[in-house]
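Structure file final.cif; described as mmCIF, C-alpha atoms.
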```cif
data_structure
loop_
_atom_site.group_PDB
_atom_site.id
_atom_site.type_symbol
_atom_site.label_atom_id
_atom_site.label_comp_id
_atom_site.auth_asym_id
_atom_site.auth_seq_id
_atom_site.Cartn_x
_atom_site.Cartn_y
_atom_site.Cartn_z
ATOM 1 C CA MET A 120 27.548 -8.718 55.457
ATOM 2 C CA ILE A 121 24.595 -8.181 57.759
ATOM 3 C CA ASP A 122 21.640 -6.525 56.088
ATOM 4 C CA LYS A 123 20.232 -3.319 57.461
ATOM 5 C CA ARG A 124 16.512 -3.177 58.134
ATOM 6 C CA PHE A 125 14.156 -2.115 55.366
ATOM 7 C CA LYS A 126 12.968 1.237 56.588
ATOM 8 C CA ILE A 127 10.620 3.716 54.912
ATOM 9 C CA ALA A 128 9.839 7.036 56.621
ATOM 10 C CA ASN A 129 11.252 5.644 59.892
ATOM 11 C CA LYS A 130 9.025 2.574 59.837
ATOM 12 C CA ILE A 131 10.609 -0.853 59.582
ATOM 13 C CA PHE A 132 9.132 -3.474 57.271
ATOM 14 C CA LYS A 133 9.969 -7.168 57.166
ATOM 15 C CA SER A 134 9.587 -7.795 53.455
ATOM 16 C CA ARG A 135 11.350 -5.954 50.660
ATOM 17 C CA LEU A 136 8.597 -7.028 48.308
ATOM 18 C CA ILE A 137 5.610 -4.692 47.997
ATOM 19 C CA VAL A 138 2.608 -6.156 46.227
ATOM 20 C CA GLY A 139 -0.198 -4.493 44.285
ATOM 21 C CA THR A 140 -3.803 -5.605 44.774
ATOM 22 C CA GLY A 141 -5.195 -4.859 41.292
ATOM 23 C CA LYS A 142 -6.071 -7.168 38.385
ATOM 24 C CA TYR A 143 -6.736 -10.334 40.410
ATOM 25 C CA LYS A 144 -9.650 -12.583 39.449
ATOM 26 C CA SER A 145 -11.065 -12.293 42.952
ATOM 27 C CA PHE A 146 -10.333 -10.811 46.362
ATOM 28 C CA SER A 147 -9.677 -14.279 47.743
ATOM 29 C CA GLU A 148 -7.063 -14.969 45.051
ATOM 30 C CA CYS A 149 -5.485 -11.609 45.846
ATOM 31 C CA ALA A 150 -5.442 -12.319 49.589
ATOM 32 C CA LYS A 151 -3.872 -15.746 48.996
ATOM 33 C CA ALA A 152 -1.119 -14.285 46.788
ATOM 34 C CA ILE A 153 -0.348 -11.575 49.334
ATOM 35 C CA LYS A 154 -0.004 -14.199 52.019
ATOM 36 C CA THR A 155 2.461 -16.317 50.038
ATOM 37 C CA SER A 156 4.368 -13.210 48.923
ATOM 38 C CA GLY A 157 5.167 -12.397 52.548
ATOM 39 C CA ALA A 158 4.618 -8.704 51.739
ATOM 40 C CA ASP A 159 3.723 -6.415 54.600
ATOM 41 C CA ILE A 160 2.869 -3.467 52.352
ATOM 42 C CA VAL A 161 0.201 -3.574 49.647
ATOM 43 C CA THR A 162 -0.823 -0.821 47.273
ATOM 44 C CA VAL A 163 -4.510 0.078 47.030
ATOM 45 C CA ALA A 164 -6.551 2.540 44.984
ATOM 46 C CA VAL A 165 -9.325 4.972 45.916
ATOM 47 C CA ARG A 166 -12.561 4.720 43.938
ATOM 48 C CA ARG A 167 -16.277 5.375 44.237
ATOM 49 C CA VAL A 168 -18.313 2.897 46.270
ATOM 50 C CA ASN A 169 -20.930 1.053 44.222
ATOM 51 C CA ILE A 170 -24.098 2.468 45.759
ATOM 52 C CA SER A 171 -26.470 0.250 43.791
ATOM 53 C CA ASN A 172 -24.873 -2.984 45.019
ATOM 54 C CA LYS A 173 -24.416 -2.489 48.737
ATOM 55 C CA ASN A 174 -23.469 -6.072 49.466
ATOM 56 C CA LYS A 175 -20.537 -6.203 47.065
ATOM 57 C CA ALA A 176 -17.376 -7.539 48.689
ATOM 58 C CA ARG A 177 -14.768 -5.012 49.734
ATOM 59 C CA LEU A 178 -10.982 -5.283 49.658
ATOM 60 C CA MET A 179 -10.825 -4.396 53.351
ATOM 61 C CA ASP A 180 -12.935 -7.478 54.160
ATOM 62 C CA TYR A 181 -10.198 -9.688 52.695
ATOM 63 C CA ILE A 182 -6.997 -7.857 53.560
ATOM 64 C CA ASP A 183 -6.877 -6.551 57.097
ATOM 65 C CA PRO A 184 -5.315 -3.066 57.187
ATOM 66 C CA LYS A 185 -4.347 -3.682 60.807
ATOM 67 C CA LYS A 186 -2.081 -6.545 59.726
ATOM 68 C CA ILE A 187 -0.855 -5.313 56.335
ATOM 69 C CA THR A 188 0.160 -1.715 55.642
ATOM 70 C CA TYR A 189 -2.121 -0.187 53.030
ATOM 71 C CA LEU A 190 -0.244 2.083 50.665
ATOM 72 C CA PRO A 191 -2.890 4.214 48.913
ATOM 73 C CA ASN A 192 -1.983 5.165 45.369
ATOM 74 C CA THR A 193 -3.098 7.891 42.980
ATOM 75 C CA ALA A 194 -3.728 5.623 40.003
ATOM 76 C CA GLY A 195 -5.629 7.380 37.255
ATOM 77 C CA CYS A 196 -4.512 10.868 38.320
ATOM 78 C CA PHE A 197 -3.115 13.167 35.666
ATOM 79 C CA THR A 198 -2.620 16.367 37.686
ATOM 80 C CA ALA A 199 -1.266 17.325 41.099
ATOM 81 C CA GLU A 200 -4.756 18.445 42.124
ATOM 82 C CA ASP A 201 -6.264 15.038 41.273
ATOM 83 C CA ALA A 202 -3.507 13.293 43.217
ATOM 84 C CA ILE A 203 -3.908 15.484 46.286
ATOM 85 C CA ARG A 204 -7.697 15.093 46.296
ATOM 86 C CA THR A 205 -7.343 11.306 46.074
ATOM 87 C CA LEU A 206 -4.781 11.038 48.863
ATOM 88 C CA ARG A 207 -6.704 13.336 51.177
ATOM 89 C CA LEU A 208 -9.664 10.981 50.775
ATOM 90 C CA ALA A 209 -7.413 7.977 51.407
ATOM 91 C CA ARG A 210 -6.154 9.612 54.581
ATOM 92 C CA GLU A 211 -9.746 10.162 55.658
ATOM 93 C CA ILE A 212 -10.598 6.466 55.286
ATOM 94 C CA GLY A 213 -7.968 5.312 57.682
ATOM 95 C CA GLY A 214 -5.449 7.945 58.624
ATOM 96 C CA TRP A 215 -2.796 6.847 56.147
ATOM 97 C CA LYS A 216 0.111 9.191 55.686
ATOM 98 C CA LEU A 217 2.435 6.868 53.815
ATOM 99 C CA VAL A 218 1.280 7.064 50.203
ATOM 100 C CA LYS A 219 2.316 6.148 46.703
ATOM 101 C CA LEU A 220 2.255 9.062 44.299
ATOM 102 C CA GLU A 221 1.680 8.190 40.677
ATOM 103 C CA VAL A 222 0.860 11.005 38.269
ATOM 104 C CA LEU A 223 0.662 9.750 34.722
ATOM 105 C CA GLY A 224 1.155 11.724 31.551
ATOM 106 C CA ASP A 225 0.133 9.358 28.791
ATOM 107 C CA LYS A 226 -2.707 6.860 28.731
ATOM 108 C CA ARG A 227 -0.925 4.485 26.374
ATOM 109 C CA ASN A 228 2.564 4.129 27.754
ATOM 110 C CA LEU A 229 1.579 5.113 31.323
ATOM 111 C CA PHE A 230 4.823 6.996 31.800
ATOM 112 C CA PRO A 231 4.889 9.361 34.768
ATOM 113 C CA GLU A 232 4.307 13.080 34.110
ATOM 114 C CA MET A 233 7.366 14.216 36.008
ATOM 115 C CA ILE A 234 6.645 17.957 36.221
ATOM 116 C CA GLU A 235 3.285 17.266 37.887
ATOM 117 C CA THR A 236 4.842 14.472 39.940
ATOM 118 C CA LEU A 237 7.462 16.852 41.323
ATOM 119 C CA ARG A 238 4.851 19.532 42.083
ATOM 120 C CA SER A 239 2.629 16.947 43.792
ATOM 121 C CA THR A 240 5.538 15.670 45.878
ATOM 122 C CA GLU A 241 6.196 19.192 47.162
ATOM 123 C CA LEU A 242 2.530 19.894 47.948
ATOM 124 C CA LEU A 243 1.853 16.532 49.594
ATOM 125 C CA THR A 244 5.016 16.704 51.685
ATOM 126 C CA LYS A 245 3.962 20.143 52.952
ATOM 127 C CA GLU A 246 0.628 18.608 53.962
ATOM 128 C CA GLY A 247 2.377 16.007 56.074
ATOM 129 C CA PHE A 248 2.170 13.049 53.723
ATOM 130 C CA LYS A 249 5.097 10.632 53.459
ATOM 131 C CA VAL A 250 5.383 10.302 49.725
ATOM 132 C CA MET A 251 6.784 7.297 47.908
ATOM 133 C CA VAL A 252 7.121 8.456 44.336
ATOM 134 C CA TYR A 253 6.641 6.466 41.152
ATOM 135 C CA CYS A 254 8.990 8.109 38.662
ATOM 136 C CA ASN A 255 10.963 7.559 35.522
ATOM 137 C CA ASP A 256 14.519 6.300 35.762
ATOM 138 C CA ASP A 257 16.105 9.726 35.338
ATOM 139 C CA PRO A 258 18.782 10.363 38.004
ATOM 140 C CA LEU A 259 18.337 14.150 37.805
ATOM 141 C CA MET A 260 14.605 13.946 38.397
ATOM 142 C CA ALA A 261 15.178 11.422 41.194
ATOM 143 C CA LYS A 262 17.435 13.968 42.877
ATOM 144 C CA ARG A 263 14.804 16.671 42.545
ATOM 145 C CA LEU A 264 12.194 14.402 44.121
ATOM 146 C CA GLU A 265 14.556 13.702 46.984
ATOM 147 C CA ASN A 266 15.073 17.419 47.527
ATOM 148 C CA ALA A 267 11.299 17.944 47.408
ATOM 149 C CA GLY A 268 10.859 15.595 50.374
ATOM 150 C CA ALA A 269 10.087 12.188 48.856
ATOM 151 C CA VAL A 270 10.518 9.317 51.335
ATOM 152 C CA ALA A 271 11.206 6.719 48.647
ATOM 153 C CA ILE A 272 12.258 6.858 45.016
ATOM 154 C CA MET A 273 10.381 4.351 42.891
ATOM 155 C CA PRO A 274 11.601 4.317 39.293
ATOM 156 C CA LEU A 275 9.990 2.144 36.665
ATOM 157 C CA ALA A 276 11.867 -0.804 35.209
ATOM 158 C CA ALA A 277 9.642 -0.639 32.119
ATOM 159 C CA PRO A 278 6.072 0.572 31.430
ATOM 160 C CA ILE A 279 3.437 -0.414 34.024
ATOM 161 C CA GLY A 280 2.095 -3.903 33.399
ATOM 162 C CA SER A 281 4.472 -4.523 30.475
ATOM 163 C CA GLY A 282 6.482 -7.281 32.132
ATOM 164 C CA LEU A 283 9.535 -6.232 30.107
ATOM 165 C CA GLY A 284 11.976 -6.288 33.022
ATOM 166 C CA ILE A 285 14.674 -3.722 33.747
ATOM 167 C CA GLN A 286 15.380 -1.738 30.606
ATOM 168 C CA ASN A 287 17.991 0.670 31.901
ATOM 169 C CA LYS A 288 20.251 -0.883 34.509
ATOM 170 C CA VAL A 289 22.784 1.927 34.219
ATOM 171 C CA ASN A 290 20.301 4.596 35.300
ATOM 172 C CA ILE A 291 19.116 2.480 38.216
ATOM 173 C CA LYS A 292 22.742 2.025 39.316
ATOM 174 C CA ILE A 293 23.372 5.765 39.089
ATOM 175 C CA ILE A 294 20.261 6.532 41.138
ATOM 176 C CA ARG A 295 21.400 3.927 43.665
ATOM 177 C CA LYS A 296 24.769 5.605 44.022
ATOM 178 C CA GLN A 297 23.346 9.080 44.478
ATOM 179 C CA THR A 298 20.580 8.436 47.016
ATOM 180 C CA LYS A 299 20.339 7.088 50.538
ATOM 181 C CA LEU A 300 16.547 7.022 50.295
ATOM 182 C CA PRO A 301 14.836 3.674 49.823
ATOM 183 C CA LEU A 302 15.054 2.831 46.120
ATOM 184 C CA ILE A 303 12.223 0.606 44.974
ATOM 185 C CA ILE A 304 11.643 -0.658 41.459
ATOM 186 C CA ASP A 305 8.009 0.009 40.657
ATOM 187 C CA ALA A 306 6.512 -1.308 37.415
ATOM 188 C CA GLY A 307 7.743 -3.447 34.580
ATOM 189 C CA ILE A 308 8.772 -6.626 36.393
ATOM 190 C CA GLY A 309 7.786 -9.722 34.402
ATOM 191 C CA GLN A 310 9.308 -12.709 36.131
ATOM 192 C CA ALA A 311 11.228 -13.659 39.254
ATOM 193 C CA SER A 312 14.657 -13.109 37.691
ATOM 194 C CA ASP A 313 13.733 -9.455 36.989
ATOM 195 C CA ALA A 314 13.092 -8.976 40.712
ATOM 196 C CA SER A 315 16.442 -10.574 41.531
ATOM 197 C CA ILE A 316 18.216 -8.307 39.062
ATOM 198 C CA ALA A 317 16.588 -5.250 40.643
ATOM 199 C CA MET A 318 17.864 -6.324 44.048
ATOM 200 C CA GLU A 319 21.313 -7.165 42.661
ATOM 201 C CA LEU A 320 21.526 -3.618 41.325
ATOM 202 C CA GLY A 321 21.259 -2.486 44.935
ATOM 203 C CA CYS A 322 17.602 -1.563 45.093
ATOM 204 C CA ASP A 323 16.014 -1.712 48.541
ATOM 205 C CA GLY A 324 12.804 -3.264 47.328
ATOM 206 C CA VAL A 325 10.526 -4.145 44.456
ATOM 207 C CA LEU A 326 6.854 -3.344 43.874
ATOM 208 C CA ILE A 327 4.999 -5.910 41.777
ATOM 209 C CA ASN A 328 1.377 -6.163 40.712
ATOM 210 C CA THR A 329 0.659 -7.463 37.201
ATOM 211 C CA ALA A 330 3.433 -10.077 37.098
ATOM 212 C CA ILE A 331 1.821 -11.792 40.092
ATOM 213 C CA ALA A 332 -1.865 -11.025 39.517
ATOM 214 C CA LYS A 333 -1.889 -12.085 35.872
ATOM 215 C CA ALA A 334 0.387 -15.120 36.226
ATOM 216 C CA LYS A 335 -1.354 -18.456 35.612
ATOM 217 C CA ASN A 336 -0.737 -19.290 39.248
ATOM 218 C CA PRO A 337 -0.631 -15.981 41.153
ATOM 219 C CA SER A 338 0.010 -17.485 44.551
ATOM 220 C CA GLN A 339 2.964 -19.526 43.332
ATOM 221 C CA MET A 340 4.364 -16.551 41.396
ATOM 222 C CA ALA A 341 4.028 -14.475 44.567
ATOM 223 C CA GLU A 342 6.228 -16.993 46.363
ATOM 224 C CA ALA A 343 8.701 -16.997 43.453
ATOM 225 C CA MET A 344 8.929 -13.206 43.702
ATOM 226 C CA LYS A 345 9.423 -13.374 47.446
ATOM 227 C CA LEU A 346 12.330 -15.802 47.031
ATOM 228 C CA ALA A 347 13.759 -13.813 44.115
ATOM 229 C CA VAL A 348 13.829 -10.632 46.184
ATOM 230 C CA ILE A 349 15.525 -12.407 49.098
ATOM 231 C CA SER A 350 17.953 -14.124 46.728
ATOM 232 C CA GLY A 351 18.813 -10.942 44.833
ATOM 233 C CA ARG A 352 19.362 -9.032 48.057
ATOM 234 C CA LYS A 353 21.684 -11.690 49.462
ATOM 235 C CA SER A 354 23.570 -11.809 46.177
ATOM 236 C CA TYR A 355 24.016 -8.020 46.252
ATOM 237 C CA LEU A 356 25.229 -8.043 49.846
ATOM 238 C CA SER A 357 27.590 -10.962 49.277
ATOM 239 C CA GLY A 358 29.768 -9.041 46.813
ATOM 240 C CA ARG A 359 29.809 -10.624 43.405
ATOM 241 C CA ILE A 360 33.035 -11.665 41.646
ATOM 242 C CA ASN A 361 34.416 -9.431 38.933
ATOM 243 C CA PRO A 362 33.207 -10.527 35.526
ATOM 244 C CA ASN A 363 36.056 -11.810 33.365
ATOM 245 C CA LEU A 364 36.293 -12.317 29.648
ATOM 246 C CA TYR A 365 38.273 -15.554 30.025
ATOM 247 C CA GLY A 366 37.860 -18.732 31.986
ATOM 248 C CA SER A 367 39.338 -19.432 35.366
ATOM 249 C CA ALA A 368 39.490 -23.132 36.297
ATOM 250 C CA SER A 369 37.785 -24.089 39.506
ATOM 251 C CA THR A 370 40.164 -27.020 39.985
ATOM 252 C CA THR A 371 43.866 -26.493 40.542
ATOM 253 C CA ASN A 372 46.415 -28.031 38.178
ATOM 254 C CA LYS A 373 48.696 -28.762 41.129
ATOM 255 C CA GLY A 374 49.127 -32.522 41.601
ATOM 256 C CA ILE A 375 47.733 -33.326 38.180
ATOM 257 C CA ILE A 376 48.671 -36.820 36.995
ATOM 258 C CA MET B 235 -44.437 12.878 52.119
ATOM 259 C CA ASN B 236 -45.480 14.275 48.781
ATOM 260 C CA ILE B 237 -42.867 13.602 46.116
ATOM 261 C CA LYS B 238 -42.933 17.302 45.146
ATOM 262 C CA ASN B 239 -41.296 18.137 48.442
ATOM 263 C CA LYS B 240 -38.330 15.892 47.764
ATOM 264 C CA ILE B 241 -35.008 17.395 46.785
ATOM 265 C CA LYS B 242 -32.510 16.102 44.277
ATOM 266 C CA ILE B 243 -28.912 15.346 45.176
ATOM 267 C CA THR B 244 -26.145 13.494 43.350
ATOM 268 C CA VAL B 245 -24.373 10.583 45.007
ATOM 269 C CA ASN B 246 -21.391 9.064 43.197
ATOM 270 C CA GLY B 247 -22.621 10.542 39.934
ATOM 271 C CA LYS B 248 -26.154 9.177 40.336
ATOM 272 C CA GLN B 249 -29.220 11.288 41.081
ATOM 273 C CA MET B 250 -31.128 10.533 44.261
ATOM 274 C CA GLN B 251 -34.185 12.056 45.869
ATOM 275 C CA ILE B 252 -34.319 12.706 49.580
ATOM 276 C CA ILE B 253 -36.663 14.461 51.954
ATOM 277 C CA PRO B 254 -35.637 17.995 53.019
ATOM 278 C CA LYS B 255 -33.351 18.258 56.039
ATOM 279 C CA PHE B 256 -32.124 14.680 55.502
ATOM 280 C CA THR B 257 -28.728 14.447 57.195
ATOM 281 C CA LEU B 258 -25.561 13.049 55.684
ATOM 282 C CA LYS B 259 -25.609 10.412 58.400
ATOM 283 C CA SER B 260 -29.111 9.318 57.366
ATOM 284 C CA LEU B 261 -27.879 8.998 53.798
ATOM 285 C CA ILE B 262 -24.896 6.855 54.803
ATOM 286 C CA THR B 263 -27.170 4.679 56.953
ATOM 287 C CA LYS B 264 -29.708 4.364 54.148
ATOM 288 C CA LEU B 265 -26.951 3.243 51.768
ATOM 289 C CA LYS B 266 -25.648 0.804 54.424
ATOM 290 C CA MET B 267 -22.089 2.088 54.092
ATOM 291 C CA PRO B 268 -19.601 0.974 56.759
ATOM 292 C CA LEU B 269 -18.297 4.283 58.067
ATOM 293 C CA ASN B 270 -14.854 2.948 58.973
ATOM 294 C CA LYS B 271 -14.201 1.827 55.397
ATOM 295 C CA ILE B 272 -15.202 4.944 53.468
ATOM 296 C CA ALA B 273 -14.421 8.634 53.006
ATOM 297 C CA ILE B 274 -17.016 11.240 52.116
ATOM 298 C CA GLU B 275 -16.795 14.397 50.039
ATOM 299 C CA LEU B 276 -19.600 16.943 49.992
ATOM 300 C CA ASN B 277 -19.320 19.430 47.131
ATOM 301 C CA LYS B 278 -15.613 18.570 46.818
ATOM 302 C CA LYS B 279 -14.895 19.163 50.509
ATOM 303 C CA ILE B 280 -13.883 16.235 52.677
ATOM 304 C CA ILE B 281 -16.284 15.715 55.541
ATOM 305 C CA ASP B 282 -15.184 14.755 59.037
ATOM 306 C CA LYS B 283 -17.068 11.507 59.644
ATOM 307 C CA ASN B 284 -17.726 12.508 63.272
ATOM 308 C CA ARG B 285 -19.796 15.445 62.053
ATOM 309 C CA ILE B 286 -22.108 13.774 59.549
ATOM 310 C CA SER B 287 -25.135 13.759 61.851
ATOM 311 C CA LYS B 288 -24.960 17.548 61.958
ATOM 312 C CA ILE B 289 -24.857 18.074 58.208
ATOM 313 C CA ARG B 290 -28.220 18.569 56.512
ATOM 314 C CA LEU B 291 -28.255 17.977 52.786
ATOM 315 C CA LYS B 292 -29.412 20.666 50.397
ATOM 316 C CA LYS B 293 -30.793 20.659 46.864
ATOM 317 C CA GLY B 294 -28.078 20.039 44.286
ATOM 318 C CA ASP B 295 -25.506 18.722 46.761
ATOM 319 C CA LYS B 296 -22.904 16.503 45.196
ATOM 320 C CA ILE B 297 -21.670 13.681 47.393
ATOM 321 C CA GLU B 298 -18.824 11.317 46.695
ATOM 322 C CA ILE B 299 -18.385 8.191 48.779
ATOM 323 C CA VAL B 300 -15.130 6.344 48.176
ATOM 324 C CA HIS B 301 -13.368 3.271 49.478
ATOM 325 C CA PHE B 302 -10.278 1.226 48.721
ATOM 326 C CA ILE B 303 -10.204 -1.137 45.792
ATOM 327 C CA GLY B 304 -7.417 -3.228 44.306
ATOM 328 C CA GLY B 305 -4.661 -1.200 42.674
ATOM 329 C CA GLY B 306 -1.002 -1.251 41.782
#
```
For this file, produce the structure as structure tokens.
Amino acid sequence: MIDKRFKIANKIFKSRLIVGTGKYKSFSECAKAIKTSGADIVTVAVRRVNISNKNKARLMDYIDPKKITYLPNTAGCFTAEDAIRTLRLAREIGGWKLVKLEVLGDKRNLFPEMIETLRSTELLTKEGFKVMVYCNDDPLMAKRLENAGAVAIMPLAAPIGSGLGIQNKVNIKIIRKQTKLPLIIDAGIGQASDASIAMELGCDGVLINTAIAKAKNPSQMAEAMKLAVISGRKSYLSGRINPNLYGSASTTNKGII
Amino acid sequence: MNIKNKIKITVNGKQMQIIPKFTLKSLITKLKMPLNKIAIELNKKIIDKNRISKIRLKKGDKIEIVHFIGGG
């Protein structure tokens, strides 16, 4: 089965792995991991410039936005107004329209506040943004986001940064069946096999930050994730065998001595 | 210029003193901010970076200068 291209808001991307740029020890470590990950989209956040240390290194000095698509996020936003203000500023920095919406509702578990997320999706879409939406794994809410104009549905596998892996495969499968939009697992991946599982469930992509950035060897983990995503996708497309309770010998009994 | 003539503004939450009629462009230049890597808000309104030389700062203005940092 030939794979279709990975397309978000009519733009084709080579890699199905999207990588976050937070939590790295240094910008150079981050840049190295992004390179080995093969990702062509990275998430970034909008924050105040440090005006007292003008010579401090900037992310844009290490990761060239002309070569890698910057996906500005709304990390730290708890209302639609916060999210819109942040993304308008992001757009002003470089003209980005493709954005990652993330409106949180709880500082501890970092679960998305879905009422505000839905409202933000509507408002941002009306303003011309192409909104990739971090959401919970609720199929009904995913449908609402789709109707509100989201360009990608990005349910969590588990809480952000938890590394717990996919907690509710059934919901992810249901969302997969109901939507033609890009479905990207965002948050909760812990190791390469989690990324493979996400792809085997039929997801179009995976977004990973902490599992790479906080690994002992981020660059090597980035490569592991890249291979896991490719592997999981191929496995999904190849059509797995039906699981069976009993054994089925690989060697025929015909001609046995 | 006498310090009494200076006006107070807030930049990224920090108070600064500038001479009257100081433009937003002068401020950005003074802070050595690369214009292509930042966005500017003046009193919660986003400012078109092509217009900053025409904007004169006033007492009590609140300016936010943001850029991209690492995030997930």
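Against the coordinates shown, the PyMOL selection byres ((chain A and resi 325) around 9) returns Arg135, Leu136, Ile137, Val138, Met273, Leu302, Ile303, Ile304, Asp305, Ala306, Ile308, Ala314, Ala317, Met318, Cys322, Asp323, Gly324, Leu326, Ile327 and Val348 of chain A.
Distances here use only C-alpha atoms; by that measure, the residue among B:Lys248, B:His301, B:Lys288, B:Lys255 closest to Ala273 in chain B is B:His301.
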Would you mind listing, for every residue of chain B within 6 Å of chain A, the two atoms forming the shortest contact and the distance between them in Å to one decimal, using all atoms listed in the file, sorted by chain and ascending residue number, as a tab-separated table?
```
residue	atom	partner	partner_atom	distance
B:Lys271	CA	A:Ile212	CA	5.9
B:Ile272	CA	A:Ile212	CA	5.2
B:Ala273	CA	A:Ile212	CA	5.0
B:Ile299	CA	A:Arg167	CA	5.7
B:Val300	CA	A:Arg167	CA	4.2
B:His301	CA	A:Val165	CA	5.7
B:Phe302	CA	A:Val165	CA	4.8
B:Ile303	CA	A:Ala164	CA	5.2
B:Gly304	CA	A:Gly141	CA	4.1
B:Gly305	CA	A:Gly141	CA	3.9
B:Gly306	CA	A:Gly139	CA	4.2
```
Practice task
Using the chain letters and residue numbers of this document, give as a PyMOL selection string the residues selected by the PyMOL selection byres ((chain A and resi 258) around 9).
Solution key: chain A and resi 255-257+259-263+290-291+293-295+297
Exercise for the section: Please indicate the distance in Å from CA of Gly224 in chain A to CA of Cys196 in chain A, rounded to one decimal place. Expected result: 8.9 Å
Practice task
Given the file shown, determine the residues that the PyMOL selection byres ((chain A and resi 220) around 12) selects; report them as number ranges by chain.
Solution key: A: 162-164, 190-206, 216-219, 221-223, 231-233, 235-244, 248-254, 264, 269-274, 305; B: 306
File dump, residues just selected, C-alpha atoms, as a short mmCIF file (atom, residue, chain, number, x, y, z; two decimals), in the coordinates of the input:
```cif
data_model
loop_
_atom_site.label_atom_id
_atom_site.label_comp_id
_atom_site.auth_asym_id
_atom_site.auth_seq_id
_atom_site.Cartn_x
_atom_site.Cartn_y
_atom_site.Cartn_z
CA THR A 162 -0.82 -0.82 47.27
CA VAL A 163 -4.51 0.08 47.03
CA ALA A 164 -6.55 2.54 44.98
CA LEU A 190 -0.24 2.08 50.66
CA PRO A 191 -2.89 4.21 48.91
CA ASN A 192 -1.98 5.16 45.37
CA THR A 193 -3.10 7.89 42.98
CA ALA A 194 -3.73 5.62 40.00
CA GLY A 195 -5.63 7.38 37.26
CA CYS A 196 -4.51 10.87 38.32
CA PHE A 197 -3.12 13.17 35.67
CA THR A 198 -2.62 16.37 37.69
CA ALA A 199 -1.27 17.32 41.10
CA GLU A 200 -4.76 18.44 42.12
CA ASP A 201 -6.26 15.04 41.27
CA ALA A 202 -3.51 13.29 43.22
CA ILE A 203 -3.91 15.48 46.29
CA ARG A 204 -7.70 15.09 46.30
CA THR A 205 -7.34 11.31 46.07
CA LEU A 206 -4.78 11.04 48.86
CA LYS A 216 0.11 9.19 55.69
CA LEU A 217 2.44 6.87 53.82
CA VAL A 218 1.28 7.06 50.20
CA LYS A 219 2.32 6.15 46.70
CA GLU A 221 1.68 8.19 40.68
CA VAL A 222 0.86 11.00 38.27
CA LEU A 223 0.66 9.75 34.72
CA PRO A 231 4.89 9.36 34.77
CA GLU A 232 4.31 13.08 34.11
CA MET A 233 7.37 14.22 36.01
CA GLU A 235 3.28 17.27 37.89
CA THR A 236 4.84 14.47 39.94
CA LEU A 237 7.46 16.85 41.32
CA ARG A 238 4.85 19.53 42.08
CA SER A 239 2.63 16.95 43.79
CA THR A 240 5.54 15.67 45.88
CA GLU A 241 6.20 19.19 47.16
CA LEU A 242 2.53 19.89 47.95
CA LEU A 243 1.85 16.53 49.59
CA THR A 244 5.02 16.70 51.68
CA PHE A 248 2.17 13.05 53.72
CA LYS A 249 5.10 10.63 53.46
CA VAL A 250 5.38 10.30 49.72
CA MET A 251 6.78 7.30 47.91
CA VAL A 252 7.12 8.46 44.34
CA TYR A 253 6.64 6.47 41.15
CA CYS A 254 8.99 8.11 38.66
CA LEU A 264 12.19 14.40 44.12
CA ALA A 269 10.09 12.19 48.86
CA VAL A 270 10.52 9.32 51.34
CA ALA A 271 11.21 6.72 48.65
CA ILE A 272 12.26 6.86 45.02
CA MET A 273 10.38 4.35 42.89
CA PRO A 274 11.60 4.32 39.29
CA ASP A 305 8.01 0.01 40.66
CA GLY B 306 -1.00 -1.25 41.78
#
```
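CA of Thr188 in chain A to CA of Asp159 in chain A spans 6.0 Å [interatomic distance, one decimal].
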Handout entry: Computed interatomic separation between CA of Ala150 in chain A and CA of Asp183 in chain A (Å)
Key =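 CA of Asp183 in chain A lies at a distance of 9.6 Å from CA of Ala150 in chain A.
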Handout entry: Pick from B:Ile253, B:Ile243, B:Leu261, B:Met267 nearest to Ile286 in chain B, counting only C-alpha atoms
Key = B:Leu261
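Counting only C-alpha atoms, Gln251 in chain B has the following residues at most 10 Å away, ignoring those fewer than 2 positions along the same chain: B:Ile237, B:Asn239, B:Lys240, B:Ile241, B:Lys242, B:Ile243, B:Thr244, B:Val245, B:Gln249, B:Ile253, B:Pro254, B:Lys293.
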Handout entry: Option closest in space to Leu346 in chain A, from A:Gly214, A:Gly157, A:Gly282, A:Gly309 [counting all atoms listed in the file]
Key = A:Gly157
Practice task
Excluding Arg285 in chain B and residues on its chain fewer than 2 positions from it, collect all residues at most 12 Å away from it, counting only C-alpha atoms, and give them as JSON, numbers by chain.
Solution key: {"B": [257, 258, 259, 269, 274, 280, 281, 282, 283, 287, 288, 289, 290]}
Handout entry: Shortest interatomic distance to Lys266 in chain B - which of A:Ala128, A:Lys175, A:Ile331, A:Gly321, counting all atoms listed in the file
Key =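 Using all atoms listed in the file, the shortest distance to Lys266 in chain B belongs to A:Lys175.
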Your completed range 210-214 of chain A with N, CA and C atoms, as a tab-separated table (two decimals), in the coordinates of the input:
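out_6.tsv, freshly written:
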```
chain	number	residue	atom	x	y	z
A	210	ARG	N	-6.53	9.32	53.19
A	210	ARG	CA	-6.15	9.61	54.58
A	210	ARG	C	-7.40	9.61	55.47
A	211	GLU	N	-8.49	10.09	54.91
A	211	GLU	CA	-9.75	10.16	55.66
A	211	GLU	C	-10.32	8.77	55.95
A	212	ILE	N	-10.06	7.82	55.05
A	212	ILE	CA	-10.60	6.47	55.29
A	212	ILE	C	-9.93	5.85	56.51
A	213	GLY	N	-8.61	6.01	56.57
A	213	GLY	CA	-7.97	5.31	57.68
A	213	GLY	C	-6.78	6.00	58.32
A	214	GLY	N	-6.55	7.23	58.01
A	214	GLY	CA	-5.45	7.94	58.62
A	214	GLY	C	-4.09	7.64	58.03
```
